[in-house]
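Raw contents of input-v4.pdb, PDB, C-alpha atoms:
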MODEL        1
ATOM      1  CA  MET V  19      55.501 -80.299  47.187
ATOM      2  CA  ARG V  20      52.882 -80.384  49.944
ATOM      3  CA  PRO V  21      52.224 -76.960  51.561
ATOM      4  CA  ASN V  22      54.039 -77.912  54.781
ATOM      5  CA  ALA V  23      56.702 -80.116  53.193
ATOM      6  CA  ARG V  24      60.383 -79.353  53.834
ATOM      7  CA  ARG V  25      62.040 -77.526  50.910
ATOM      8  CA  THR V  26      64.440 -79.675  48.935
ATOM      9  CA  THR V  27      68.081 -78.735  49.530
ATOM     10  CA  LEU V  28      71.277 -79.129  47.517
ATOM     11  CA  ALA V  29      72.316 -81.854  49.943
ATOM     12  CA  ASP V  30      69.145 -83.803  49.159
ATOM     13  CA  ILE V  31      69.842 -83.619  45.429
ATOM     14  CA  ALA V  32      73.521 -84.516  45.900
ATOM     15  CA  ARG V  33      72.625 -87.557  48.022
ATOM     16  CA  ALA V  34      70.070 -88.797  45.447
ATOM     17  CA  ALA V  35      72.519 -88.301  42.563
ATOM     18  CA  GLY V  36      75.478 -89.790  44.378
ATOM     19  CA  VAL V  37      77.634 -86.687  43.864
ATOM     20  CA  SER V  38      78.993 -83.894  46.020
ATOM     21  CA  VAL V  39      77.054 -80.780  47.008
ATOM     22  CA  ALA V  40      79.687 -78.749  45.124
ATOM     23  CA  THR V  41      78.859 -80.626  41.910
ATOM     24  CA  VAL V  42      75.137 -79.937  42.284
ATOM     25  CA  SER V  43      75.916 -76.270  42.946
ATOM     26  CA  LYS V  44      77.904 -76.096  39.709
ATOM     27  CA  VAL V  45      74.928 -77.482  37.748
ATOM     28  CA  VAL V  46      72.505 -75.015  39.389
ATOM     29  CA  ASN V  47      74.789 -72.077  38.577
ATOM     30  CA  GLY V  48      75.478 -73.157  34.982
ATOM     31  CA  ARG V  49      79.146 -73.990  35.454
ATOM     32  CA  GLY V  50      80.739 -75.964  32.627
ATOM     33  CA  ASP V  51      83.113 -78.226  34.549
ATOM     34  CA  VAL V  52      80.629 -81.072  35.117
ATOM     35  CA  ALA V  53      80.504 -84.306  33.117
ATOM     36  CA  PRO V  54      77.532 -84.325  30.666
ATOM     37  CA  HIS V  55      75.924 -87.484  32.062
ATOM     38  CA  THR V  56      76.268 -86.146  35.611
ATOM     39  CA  ARG V  57      74.723 -82.820  34.597
ATOM     40  CA  VAL V  58      71.729 -84.572  33.014
ATOM     41  CA  ARG V  59      71.210 -86.746  36.101
ATOM     42  CA  VAL V  60      71.353 -83.739  38.463
ATOM     43  CA  GLN V  61      69.010 -81.635  36.288
ATOM     44  CA  GLU V  62      66.456 -84.462  36.222
ATOM     45  CA  LEU V  63      66.518 -84.634  40.004
ATOM     46  CA  LEU V  64      66.245 -80.850  40.340
ATOM     47  CA  HIS V  65      63.110 -80.886  38.204
ATOM     48  CA  ARG V  66      61.661 -83.960  39.926
ATOM     49  CA  HIS V  67      62.054 -82.434  43.372
ATOM     50  CA  ASP V  68      60.910 -78.921  42.345
ATOM     51  CA  TYR V  69      64.166 -77.400  43.573
ATOM     52  CA  LEU V  70      64.123 -73.586  43.830
ATOM     53  CA  ALA V  71      67.545 -71.984  43.423
ATOM     54  CA  PRO V  72      68.620 -69.611  46.237
ATOM     55  CA  VAL V  73      69.088 -66.842  43.660
ATOM     56  CA  PHE V  74      65.327 -66.574  43.567
ATOM     57  CA  ARG V  75      64.672 -65.894  47.211
ATOM     58  CA  HIS V  76      62.320 -62.982  47.840
ATOM     59  CA  THR V  77      64.812 -60.337  48.983
ATOM     60  CA  GLU V  78      67.148 -60.780  46.031
ATOM     61  CA  ALA V  79      64.265 -60.847  43.560
ATOM     62  CA  VAL V  80      63.084 -57.487  44.857
ATOM     63  CA  GLU V  81      66.568 -55.925  44.686
ATOM     64  CA  SER V  82      67.264 -56.830  41.068
ATOM     65  CA  PRO V  83      64.180 -58.239  39.321
ATOM     66  CA  THR V  84      64.407 -59.776  35.850
ATOM     67  CA  ILE V  85      61.152 -60.176  33.907
ATOM     68  CA  GLU V  86      60.739 -62.778  31.158
ATOM     69  CA  VAL V  87      58.618 -61.483  28.253
ATOM     70  CA  GLN V  88      57.268 -64.230  25.996
ATOM     71  CA  PHE V  89      55.430 -64.049  22.699
ATOM     72  CA  LYS V  90      54.387 -66.492  19.978
ATOM     73  CA  GLY V  91      54.913 -66.309  16.251
ATOM     74  CA  SER V  92      56.870 -63.607  14.454
ATOM     75  CA  LEU V  93      57.889 -60.281  15.980
ATOM     76  CA  LYS V  94      55.218 -58.131  14.345
ATOM     77  CA  SER V  95      54.647 -54.403  14.702
ATOM     78  CA  TYR V  96      51.956 -54.982  17.352
ATOM     79  CA  VAL V  97      54.315 -57.011  19.557
ATOM     80  CA  ALA V  98      57.241 -54.636  18.954
ATOM     81  CA  GLU V  99      55.287 -51.611  20.182
ATOM     82  CA  ALA V 100      54.100 -53.434  23.298
ATOM     83  CA  LEU V 101      57.693 -54.531  23.970
ATOM     84  CA  GLU V 102      58.856 -50.942  23.673
ATOM     85  CA  GLY V 103      56.488 -49.963  26.476
ATOM     86  CA  ILE V 104      57.690 -52.872  28.626
ATOM     87  CA  VAL V 105      61.370 -52.052  28.094
ATOM     88  CA  ASP V 106      60.921 -48.323  28.761
ATOM     89  CA  ALA V 107      59.029 -49.017  32.002
ATOM     90  CA  ALA V 108      61.686 -51.539  33.066
ATOM     91  CA  ALA V 109      64.437 -48.975  32.500
ATOM     92  CA  GLU V 110      62.603 -46.474  34.695
ATOM     93  CA  SER V 111      62.152 -49.107  37.415
ATOM     94  CA  GLY V 112      65.700 -50.451  37.342
ATOM     95  CA  ALA V 113      64.497 -53.884  36.238
ATOM     96  CA  SER V 114      65.862 -56.116  33.494
ATOM     97  CA  VAL V 115      63.877 -57.684  30.655
ATOM     98  CA  VAL V 116      64.589 -60.900  28.762
ATOM     99  CA  VAL V 117      62.547 -61.480  25.583
ATOM    100  CA  SER V 118      61.887 -64.996  24.329
ATOM    101  CA  LYS V 119      59.451 -67.034  22.283
ATOM    102  CA  ALA V 120      56.974 -69.071  24.321
ATOM    103  CA  SER V 121      58.296 -72.574  24.927
ATOM    104  CA  GLY V 122      56.421 -75.816  25.314
ATOM    105  CA  ALA V 123      59.467 -77.561  26.743
ATOM    106  CA  PRO V 124      59.007 -79.669  29.889
ATOM    107  CA  HIS V 125      59.676 -77.817  33.140
ATOM    108  CA  TRP V 126      59.991 -74.491  31.307
ATOM    109  CA  ALA V 127      58.815 -72.529  34.345
ATOM    110  CA  ARG V 128      61.359 -74.244  36.587
ATOM    111  CA  ASP V 129      64.061 -73.373  34.068
ATOM    112  CA  LEU V 130      63.015 -69.715  34.277
ATOM    113  CA  VAL V 131      63.280 -69.855  38.055
ATOM    114  CA  SER V 132      66.754 -71.379  37.801
ATOM    115  CA  ALA V 133      67.715 -68.569  35.417
ATOM    116  CA  GLY V 134      66.685 -65.988  38.027
ATOM    117  CA  ARG V 135      63.458 -64.645  36.522
ATOM    118  CA  SER V 136      61.074 -62.787  38.844
ATOM    119  CA  ALA V 137      57.880 -62.952  36.762
ATOM    120  CA  VAL V 138      56.551 -63.682  33.280
ATOM    121  CA  ILE V 139      54.722 -61.346  30.891
ATOM    122  CA  ALA V 140      53.009 -63.222  28.051
ATOM    123  CA  VAL V 141      52.006 -61.143  25.014
ATOM    124  CA  THR V 142      48.608 -62.510  23.864
ATOM    125  CA  SER V 143      49.824 -66.065  24.530
ATOM    126  CA  VAL V 144      47.383 -68.776  25.541
ATOM    127  CA  HIS V 145      48.404 -70.658  28.688
ATOM    128  CA  THR V 146      46.864 -74.043  29.403
ATOM    129  CA  ALA V 147      45.900 -75.367  32.817
ATOM    130  CA  ALA V 148      49.174 -77.321  32.818
ATOM    131  CA  HIS V 149      51.130 -74.090  32.194
ATOM    132  CA  LEU V 150      49.341 -72.332  35.047
ATOM    133  CA  LYS V 151      49.927 -75.268  37.376
ATOM    134  CA  GLU V 152      53.650 -75.246  36.660
ATOM    135  CA  LEU V 153      53.847 -71.483  37.116
ATOM    136  CA  ALA V 154      52.052 -71.771  40.457
ATOM    137  CA  ARG V 155      54.401 -74.524  41.613
ATOM    138  CA  SER V 156      57.421 -72.471  40.581
ATOM    139  CA  GLY V 157      56.146 -69.353  42.353
ATOM    140  CA  LEU V 158      56.424 -67.233  39.202
ATOM    141  CA  PRO V 159      53.720 -64.541  38.779
ATOM    142  CA  LEU V 160      52.162 -64.290  35.303
ATOM    143  CA  VAL V 161      50.767 -61.187  33.604
ATOM    144  CA  VAL V 162      49.078 -61.618  30.204
ATOM    145  CA  LEU V 163      49.116 -58.637  27.872
ATOM    146  CA  ASP V 164      45.996 -58.465  25.645
ATOM    147  CA  PRO V 165      44.725 -61.985  26.486
ATOM    148  CA  LEU V 166      43.132 -64.049  23.724
ATOM    149  CA  HIS V 167      40.825 -65.831  26.160
ATOM    150  CA  LEU V 168      39.183 -64.994  29.467
ATOM    151  CA  PRO V 169      42.020 -65.145  31.986
ATOM    152  CA  ASP V 170      42.037 -67.697  34.786
ATOM    153  CA  SER V 171      41.319 -66.178  38.194
ATOM    154  CA  ARG V 172      44.967 -66.812  39.089
ATOM    155  CA  VAL V 173      46.207 -64.731  36.163
ATOM    156  CA  HIS V 174      46.630 -60.954  36.040
ATOM    157  CA  SER V 175      46.098 -59.277  32.674
ATOM    158  CA  VAL V 176      46.215 -55.940  30.858
ATOM    159  CA  GLY V 177      44.008 -55.104  27.883
ATOM    160  CA  ALA V 178      42.105 -52.288  26.189
ATOM    161  CA  THR V 179      38.481 -51.213  25.808
ATOM    162  CA  ASN V 180      37.847 -53.345  22.730
ATOM    163  CA  PHE V 181      34.050 -53.028  22.779
ATOM    164  CA  ALA V 182      34.251 -49.242  22.929
ATOM    165  CA  GLY V 183      36.793 -49.297  20.103
ATOM    166  CA  GLY V 184      34.527 -51.385  17.895
ATOM    167  CA  LEU V 185      31.636 -49.080  18.699
ATOM    168  CA  SER V 186      33.562 -45.914  17.792
ATOM    169  CA  ALA V 187      34.954 -47.377  14.551
ATOM    170  CA  THR V 188      31.504 -48.380  13.327
ATOM    171  CA  ARG V 189      29.861 -45.140  14.445
ATOM    172  CA  HIS V 190      32.470 -43.249  12.431
ATOM    173  CA  LEU V 191      31.543 -45.150   9.278
ATOM    174  CA  LEU V 192      27.834 -44.704   9.970
ATOM    175  CA  SER V 193      28.341 -40.965  10.447
ATOM    176  CA  LEU V 194      29.870 -40.804   6.972
ATOM    177  CA  GLY V 195      26.673 -42.295   5.538
ATOM    178  CA  HIS V 196      27.677 -45.949   5.190
ATOM    179  CA  ARG V 197      25.051 -48.616   5.865
ATOM    180  CA  ARG V 198      26.613 -51.646   4.176
ATOM    181  CA  ILE V 199      29.438 -52.134   6.678
ATOM    182  CA  ALA V 200      31.204 -55.467   7.147
ATOM    183  CA  TYR V 201      33.368 -56.733  10.005
ATOM    184  CA  LEU V 202      36.439 -58.793   9.133
ATOM    185  CA  GLY V 203      38.038 -60.044  12.337
ATOM    186  CA  GLY V 204      40.428 -62.406  14.064
ATOM    187  CA  PRO V 205      39.755 -65.784  15.730
ATOM    188  CA  ALA V 206      36.091 -66.218  16.635
ATOM    189  CA  THR V 207      36.990 -67.431  20.145
ATOM    190  CA  ALA V 208      39.378 -64.573  20.989
ATOM    191  CA  ILE V 209      37.779 -62.275  23.573
ATOM    192  CA  CYS V 210      39.321 -59.146  22.036
ATOM    193  CA  ASN V 211      37.827 -60.078  18.660
ATOM    194  CA  GLN V 212      34.431 -60.830  20.215
ATOM    195  CA  ALA V 213      34.410 -57.472  21.992
ATOM    196  CA  ARG V 214      35.288 -55.551  18.816
ATOM    197  CA  MET V 215      32.654 -57.454  16.840
ATOM    198  CA  HIS V 216      29.980 -56.859  19.513
ATOM    199  CA  GLY V 217      30.847 -53.148  19.479
ATOM    200  CA  TYR V 218      30.321 -53.187  15.714
ATOM    201  CA  ARG V 219      26.970 -54.973  16.054
ATOM    202  CA  ALA V 220      25.814 -52.635  18.830
ATOM    203  CA  ALA V 221      26.516 -49.562  16.692
ATOM    204  CA  MET V 222      24.738 -51.075  13.684
ATOM    205  CA  GLU V 223      21.700 -52.035  15.743
ATOM    206  CA  ALA V 224      21.487 -48.626  17.403
ATOM    207  CA  GLU V 225      21.471 -46.980  13.967
ATOM    208  CA  GLY V 226      18.948 -49.459  12.529
ATOM    209  CA  ALA V 227      21.471 -50.574   9.912
ATOM    210  CA  PRO V 228      21.107 -54.289   9.069
ATOM    211  CA  VAL V 229      24.085 -56.640   9.244
ATOM    212  CA  LEU V 230      23.682 -58.551   5.979
ATOM    213  CA  ASP V 231      24.441 -62.255   5.561
ATOM    214  CA  GLY V 232      28.164 -62.839   5.117
ATOM    215  CA  TYR V 233      29.149 -59.438   6.488
ATOM    216  CA  VAL V 234      30.779 -60.817   9.662
ATOM    217  CA  ARG V 235      33.784 -63.050   8.976
ATOM    218  CA  PRO V 236      36.303 -64.402  11.515
ATOM    219  CA  GLY V 237      39.854 -65.311  10.577
ATOM    220  CA  GLU V 238      43.308 -64.629  11.974
ATOM    221  CA  PHE V 239      44.903 -61.299  12.849
ATOM    222  CA  THR V 240      46.934 -61.416   9.618
ATOM    223  CA  TYR V 241      47.366 -59.618   6.307
ATOM    224  CA  GLU V 242      46.346 -62.843   4.542
ATOM    225  CA  THR V 243      42.975 -62.840   6.328
ATOM    226  CA  GLY V 244      42.407 -59.326   4.992
ATOM    227  CA  LEU V 245      43.236 -60.369   1.422
ATOM    228  CA  ALA V 246      41.059 -63.491   1.418
ATOM    229  CA  GLY V 247      38.226 -62.088   3.498
ATOM    230  CA  ALA V 248      37.923 -58.905   1.451
ATOM    231  CA  ALA V 249      37.841 -60.933  -1.770
ATOM    232  CA  GLU V 250      34.871 -62.914  -0.391
ATOM    233  CA  LEU V 251      33.095 -59.763   0.765
ATOM    234  CA  LEU V 252      33.567 -58.027  -2.573
ATOM    235  CA  ASP V 253      32.150 -61.083  -4.378
ATOM    236  CA  LEU V 254      28.821 -60.796  -2.538
ATOM    237  CA  ASP V 255      25.722 -59.739  -4.467
ATOM    238  CA  ARG V 256      25.600 -56.658  -2.248
ATOM    239  CA  PRO V 257      29.234 -55.962  -1.351
ATOM    240  CA  PRO V 258      29.977 -53.602   1.527
ATOM    241  CA  THR V 259      30.923 -49.987   0.980
ATOM    242  CA  ALA V 260      33.014 -50.070   4.157
ATOM    243  CA  VAL V 261      34.991 -52.669   6.130
ATOM    244  CA  PHE V 262      35.895 -52.507   9.803
ATOM    245  CA  ALA V 263      38.927 -54.762  10.242
ATOM    246  CA  GLY V 264      39.885 -56.428  13.526
ATOM    247  CA  ASN V 265      43.449 -55.105  13.363
ATOM    248  CA  ASP V 266      45.738 -53.041  11.136
ATOM    249  CA  GLU V 267      47.230 -56.051   9.338
ATOM    250  CA  ILE V 268      43.788 -57.251   8.274
ATOM    251  CA  ALA V 269      42.924 -53.706   7.170
ATOM    252  CA  LEU V 270      46.017 -53.521   4.946
ATOM    253  CA  GLY V 271      45.013 -56.816   3.356
ATOM    254  CA  VAL V 272      41.582 -55.296   2.618
ATOM    255  CA  VAL V 273      43.194 -52.228   1.032
ATOM    256  CA  GLU V 274      45.343 -54.446  -1.202
ATOM    257  CA  ALA V 275      42.396 -56.652  -2.192
ATOM    258  CA  ALA V 276      40.483 -53.524  -3.212
ATOM    259  CA  ARG V 277      43.449 -52.192  -5.192
ATOM    260  CA  ALA V 278      43.795 -55.514  -7.046
ATOM    261  CA  ARG V 279      40.184 -55.126  -8.208
ATOM    262  CA  GLY V 280      40.631 -51.543  -9.280
ATOM    263  CA  LEU V 281      38.645 -50.131  -6.359
ATOM    264  CA  ARG V 282      39.884 -46.879  -4.852
ATOM    265  CA  VAL V 283      40.224 -46.446  -1.073
ATOM    266  CA  PRO V 284      38.418 -44.476   0.292
ATOM    267  CA  GLU V 285      36.427 -43.234  -2.729
ATOM    268  CA  GLU V 286      34.860 -46.647  -3.461
ATOM    269  CA  LEU V 287      35.609 -48.576  -0.262
ATOM    270  CA  SER V 288      36.290 -47.204   3.216
ATOM    271  CA  VAL V 289      38.528 -49.194   5.577
ATOM    272  CA  VAL V 290      39.055 -48.898   9.344
ATOM    273  CA  GLY V 291      41.669 -50.849  11.287
ATOM    274  CA  PHE V 292      42.443 -51.478  14.937
ATOM    275  CA  ASP V 293      45.678 -51.004  16.985
ATOM    276  CA  ASP V 294      47.274 -47.907  15.356
ATOM    277  CA  THR V 295      50.650 -49.556  14.835
ATOM    278  CA  SER V 296      53.319 -47.988  12.631
ATOM    279  CA  LEU V 297      51.746 -49.904   9.730
ATOM    280  CA  ALA V 298      48.644 -47.693   9.929
ATOM    281  CA  ARG V 299      50.686 -44.511   9.734
ATOM    282  CA  MET V 300      52.822 -45.743   6.816
ATOM    283  CA  ALA V 301      49.937 -47.197   4.784
ATOM    284  CA  SER V 302      48.776 -45.692   1.499
ATOM    285  CA  PRO V 303      46.398 -44.097   2.149
ATOM    286  CA  PRO V 304      47.183 -43.615   5.853
ATOM    287  CA  LEU V 305      44.764 -45.797   7.782
ATOM    288  CA  THR V 306      41.855 -44.654   9.899
ATOM    289  CA  THR V 307      42.090 -46.919  12.914
ATOM    290  CA  VAL V 308      41.281 -47.405  16.583
ATOM    291  CA  ARG V 309      44.317 -46.637  18.685
ATOM    292  CA  GLN V 310      45.086 -49.328  21.219
ATOM    293  CA  PRO V 311      47.630 -47.828  23.673
ATOM    294  CA  LEU V 312      50.163 -50.630  23.205
ATOM    295  CA  ARG V 313      53.127 -48.910  24.841
ATOM    296  CA  GLU V 314      51.043 -47.888  27.847
ATOM    297  CA  MET V 315      49.655 -51.428  28.085
ATOM    298  CA  GLY V 316      53.190 -52.821  28.057
ATOM    299  CA  ALA V 317      54.236 -50.420  30.812
ATOM    300  CA  ALA V 318      51.204 -51.364  32.923
ATOM    301  CA  ALA V 319      52.006 -55.068  32.488
ATOM    302  CA  LEU V 320      55.606 -54.474  33.596
ATOM    303  CA  ARG V 321      54.562 -52.521  36.685
ATOM    304  CA  THR V 322      52.049 -55.223  37.616
ATOM    305  CA  ALA V 323      54.670 -57.957  37.187
ATOM    306  CA  LEU V 324      57.125 -56.095  39.423
ATOM    307  CA  ARG V 325      54.475 -55.547  42.080
ATOM    308  CA  LEU V 326      53.585 -59.250  42.131
ATOM    309  CA  ALA V 327      57.239 -60.296  42.129
ATOM    310  CA  SER V 328      57.860 -58.198  45.234
ATOM    311  CA  GLY V 329      54.998 -59.918  47.061
ATOM    312  CA  GLU V 330      52.533 -57.019  46.813
ATOM    313  CA  LYS V 331      48.933 -57.285  45.674
ATOM    314  CA  ALA V 332      47.989 -55.817  42.302
ATOM    315  CA  GLU V 333      45.260 -53.192  42.194
ATOM    316  CA  SER V 334      43.128 -55.379  39.929
ATOM    317  CA  HIS V 335      43.298 -58.768  38.241
ATOM    318  CA  HIS V 336      42.479 -57.109  34.918
ATOM    319  CA  ILE V 337      43.358 -53.578  33.780
ATOM    320  CA  GLU V 338      41.741 -51.985  30.706
ATOM    321  CA  LEU V 339      43.152 -48.872  29.063
ATOM    322  CA  ALA V 340      41.049 -46.621  26.844
ATOM    323  CA  THR V 341      41.028 -46.885  23.055
ATOM    324  CA  GLU V 342      40.692 -43.872  20.743
ATOM    325  CA  LEU V 343      39.555 -43.462  17.131
ATOM    326  CA  VAL V 344      42.225 -41.912  14.889
ATOM    327  CA  VAL V 345      40.761 -40.592  11.625
ATOM    328  CA  ARG V 346      43.089 -40.531   8.624
ATOM    329  CA  ALA V 347      42.614 -40.878   4.885
ATOM    330  CA  SER V 348      41.161 -44.383   4.414
ATOM    331  CA  THR V 349      37.537 -43.414   5.144
ATOM    332  CA  ALA V 350      35.101 -41.200   3.254
ATOM    333  CA  PRO V 351      31.358 -41.046   2.456
ATOM    334  CA  PRO V 352      30.093 -43.957   0.306
ATOM    335  CA  PRO V 353      29.966 -43.537  -3.453
ATOM    336  CA  SER V 354      26.714 -41.986  -4.584
TER     337      SER V 354
ENDMDL
END

Taking this structure as input, can you express it in the form of structure tokens?
Amino acid sequence: MRPNARRTTLADIARAAGVSVATVSKVVNGRGDVAPHTRVRVQELLHRHDYLAPVFRHTEAVESPTIEVQFKGSLKSYVAEALEGIVDAAAESGASVVVSKASGAPHWARDLVSAGRSAVIAVTSVHTAAHLKELARSGLPLVVLDPLHLPDSRVHSVGATNFAGGLSATRHLLSLGHRRIAYLGGPATAICNQARMHGYRAAMEAEGAPVLDGYVRPGEFTYETGLAGAAELLDLDRPPTAVFAGNDEIALGVVEAARARGLRVPEELSVVGFDDTSLARMASPPLTTVRQPLREMGAAALRTALRLASGEKAESHHIELATELVVRASTAPPPS
């Protein structure tokens, strides 16, 4: 719609579809007593004309906001802990939360509007220009939690101090006497991975410790990346005595790869993770890791989404919460 164009009404849709206003209203409100072919025709016209349901007018959205939380892939420990922070903050605010997997279906944002959502929180999801355009047209605010790429200027986001976390993890290993330290990370293009890797490199350079060929390896934030990447590192002519992993899942894969070769952690190989999910606390040995405040990040994302949904301005387009090194039993001085 053009900025000054008249908003499409139910009467407009009814006239175009050749049905009554009451029939269109039933489709908008999800009533079942409409013939299937009529429902399809009305829904197509609603999407074509960018119809916004009255349920989503500003005053009602403020009174009883419902936030859609979307994520991709499986519901891993990282996502679950962030969701816990979102849900707890929503309960305190009197808001509702609906959790779903990110959809690539046509008009998905318009469907969320029709369902009465006030805003969208995307957990690490990548949104294309087309996604952002549809969100803007629908009037739905978007907050990205731990973005994989630099957010568009139209997008609000919440993350953590990844560079500082990478710096502290590597400094910890250096303080134990390690010099052959490798970094096994996530996708090379992910900004969180780049920040953690640059923190690692900065600590190594400051200490005068060389980063040997093959010591920096990108992958995915998965256990399988840890298994495969650690196997390649341990096959090097000069294998590392310590590995800083881009997240806890990768770190656990490294621990298992070492165990399969008969190497003891931490006596023969030290391992540091990132996130401090429940996996790190339950690992054997318990994992030294960089704590990313996932619950607090989720709560901050929820509060930002509510503020935007009510028409207020957020304090910042991007919020970063502090990371913290948590030392457990997976790190020790290198073997002599």

Could you pull the residues within 9 Å of Leu194 of chain V, counting all atoms listed in the file, minus those fewer than 3 positions along the same chain, as a ChimeraX atom specification? /V:189-191,349-352

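Of the residues listed (V:Gly280, V:Gln310, V:Arg198, V:Asn211), V:Arg198 shows the shortest atom-to-atom separation from Ala260 of chain V; distances use all atoms listed in the file.
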
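Nearest-residue note for His336 of chain V: choosing from V:His196, V:His125, V:His174, V:Arg33, the minimum distance belongs to V:His174, counting all atoms listed in the file.
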
Using only C-alpha atoms, which protein or nucleic acid residues come within 10 Å of Ala347 of chain V? Drop anything in the same chain fewer than 3 positions from it, and give the result as a list in words. Val283, Pro284, Ser288, Val289, Val290, Ala301, Ser302, Pro303, Pro304, Leu305, Thr306 and Ala350 of chain V

Could you list, as a ChimeraX atom specification, every residue within 10 Å of Ala248 of chain V, counting only C-alpha atoms and ignoring same-chain residues fewer than 6 positions away? /V:200-202,235,242,257-258,261,263,268-269,271-276

re atom CA of Thr26 of chain V and atom CA of Leu158 of chain V: distance 17.7 Å

Name every residue that the PyMOL selection byres ((chain V and resi 326) around 12) selects in this structure, writing the answer as a ChimeraX atom specification with chains first and numbers rising. /V:76,79-80,83,85,136-139,157-161,172-174,319-325,327-335

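Closest approach to Val116 of chain V from the set V:Glu99, V:Glu86, V:Asp51, V:Asp164 is made by V:Glu86, with distances taken over only C-alpha atoms.
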
Option closest in space to Ala278 of chain V, from V:Leu150, V:Val234, V:Ala249, V:Met222 [counting only C-alpha atoms]: V:Ala249

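Once the PyMOL selection byres ((chain V and resi 205) around 12) is applied to the depicted file, the selected set reads Leu166, His167, Leu202, Gly203, Gly204, Ala206, Thr207, Ala208, Ile209, Cys210, Asn211, Gln212, Ala213, Arg214, Met215, Val234, Arg235, Pro236, Gly237, Glu238, Phe239, Thr240, Thr243, Gly264 and Asn265 of chain V.
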
Explicit residue set for the PyMOL selection byres ((chain V and resi 41) around 9), as a list in words: Ala32, Val37, Ser38, Val39, Ala40, Val42, Ser43, Lys44, Val45, Val46, Asp51, Val52, Thr56, Arg57 and Val60 of chain V

Would you work out the distance separating atom CA of Glu62 of chain V from atom CA of Ser114 of chain V, expressed in Å to one decimal?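 Result for atom CA of Glu62 of chain V versus atom CA of Ser114 of chain V: 28.5 Å, one decimal.
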
Between V:Ala220, V:Ala178, V:Leu254, V:Ile199, which residue has the minimum interatomic distance to Leu339 of chain V, considering all atoms listed in the file?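 Closest to Leu339 of chain V, using all atoms listed in the file: V:Ala178.
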
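Checking V:Arg219, V:His65, V:Arg135, V:His55 one by one against Val115 of chain V, counting only C-alpha atoms, you find the shortest gap at V:Arg135.
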
Interatomic distance, atom CA of Ala340 of chain V to atom CA of Thr179 of chain V (Å, one decimal):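 Calculated distance between atom CA of Ala340 of chain V and atom CA of Thr179 of chain V is 5.4 Å.
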
For a quick check of your reading of the model, name the residues lying within 9 Å of the coordinate (28.4, -48.3, 14.8), counting all atoms listed in the file, and write them as an mmCIF file with C-alpha atoms, in the frame of the given file.
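And here is the file that came out, part_35.cif:
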data_model
loop_
_atom_site.group_PDB
_atom_site.id
_atom_site.type_symbol
_atom_site.label_atom_id
_atom_site.label_comp_id
_atom_site.auth_asym_id
_atom_site.auth_seq_id
_atom_site.Cartn_x
_atom_site.Cartn_y
_atom_site.Cartn_z
ATOM 1 C CA GLY V 184 34.527 -51.385 17.895
ATOM 2 C CA LEU V 185 31.636 -49.080 18.699
ATOM 3 C CA SER V 186 33.562 -45.914 17.792
ATOM 4 C CA ALA V 187 34.954 -47.377 14.551
ATOM 5 C CA THR V 188 31.504 -48.380 13.327
ATOM 6 C CA ARG V 189 29.861 -45.140 14.445
ATOM 7 C CA HIS V 190 32.470 -43.249 12.431
ATOM 8 C CA LEU V 191 31.543 -45.150 9.278
ATOM 9 C CA LEU V 192 27.834 -44.704 9.970
ATOM 10 C CA SER V 193 28.341 -40.965 10.447
ATOM 11 C CA GLY V 217 30.847 -53.148 19.479
ATOM 12 C CA TYR V 218 30.321 -53.187 15.714
ATOM 13 C CA ARG V 219 26.970 -54.973 16.054
ATOM 14 C CA ALA V 220 25.814 -52.635 18.830
ATOM 15 C CA ALA V 221 26.516 -49.562 16.692
ATOM 16 C CA MET V 222 24.738 -51.075 13.684
ATOM 17 C CA GLU V 223 21.700 -52.035 15.743
ATOM 18 C CA ALA V 224 21.487 -48.626 17.403
ATOM 19 C CA GLU V 225 21.471 -46.980 13.967
ATOM 20 C CA ALA V 227 21.471 -50.574 9.912
#

Taking (68.2, -86.7, 39.7) as a centre in this file's frame and 7 Å as the limit, can you find every polymer residue with an atom that close, using all atoms listed in the file, and give them as a PyMOL selection string? chain V and resi 31+34-35+59-64

Shell of 7 Å around Ser156 of chain V, all atoms listed in the file, local chain residues under 3 positions omitted, as a compact mmCIF listing (two decimals) with C-alpha atoms, keeping the file's coordinate frame:
# COMPACT_ATOMS: atom_id res chain seq x y z
CA ALA V 127 58.82 -72.53 34.34
CA ARG V 128 61.36 -74.24 36.59
CA VAL V 131 63.28 -69.86 38.06
CA GLU V 152 53.65 -75.25 36.66
CA LEU V 153 53.85 -71.48 37.12
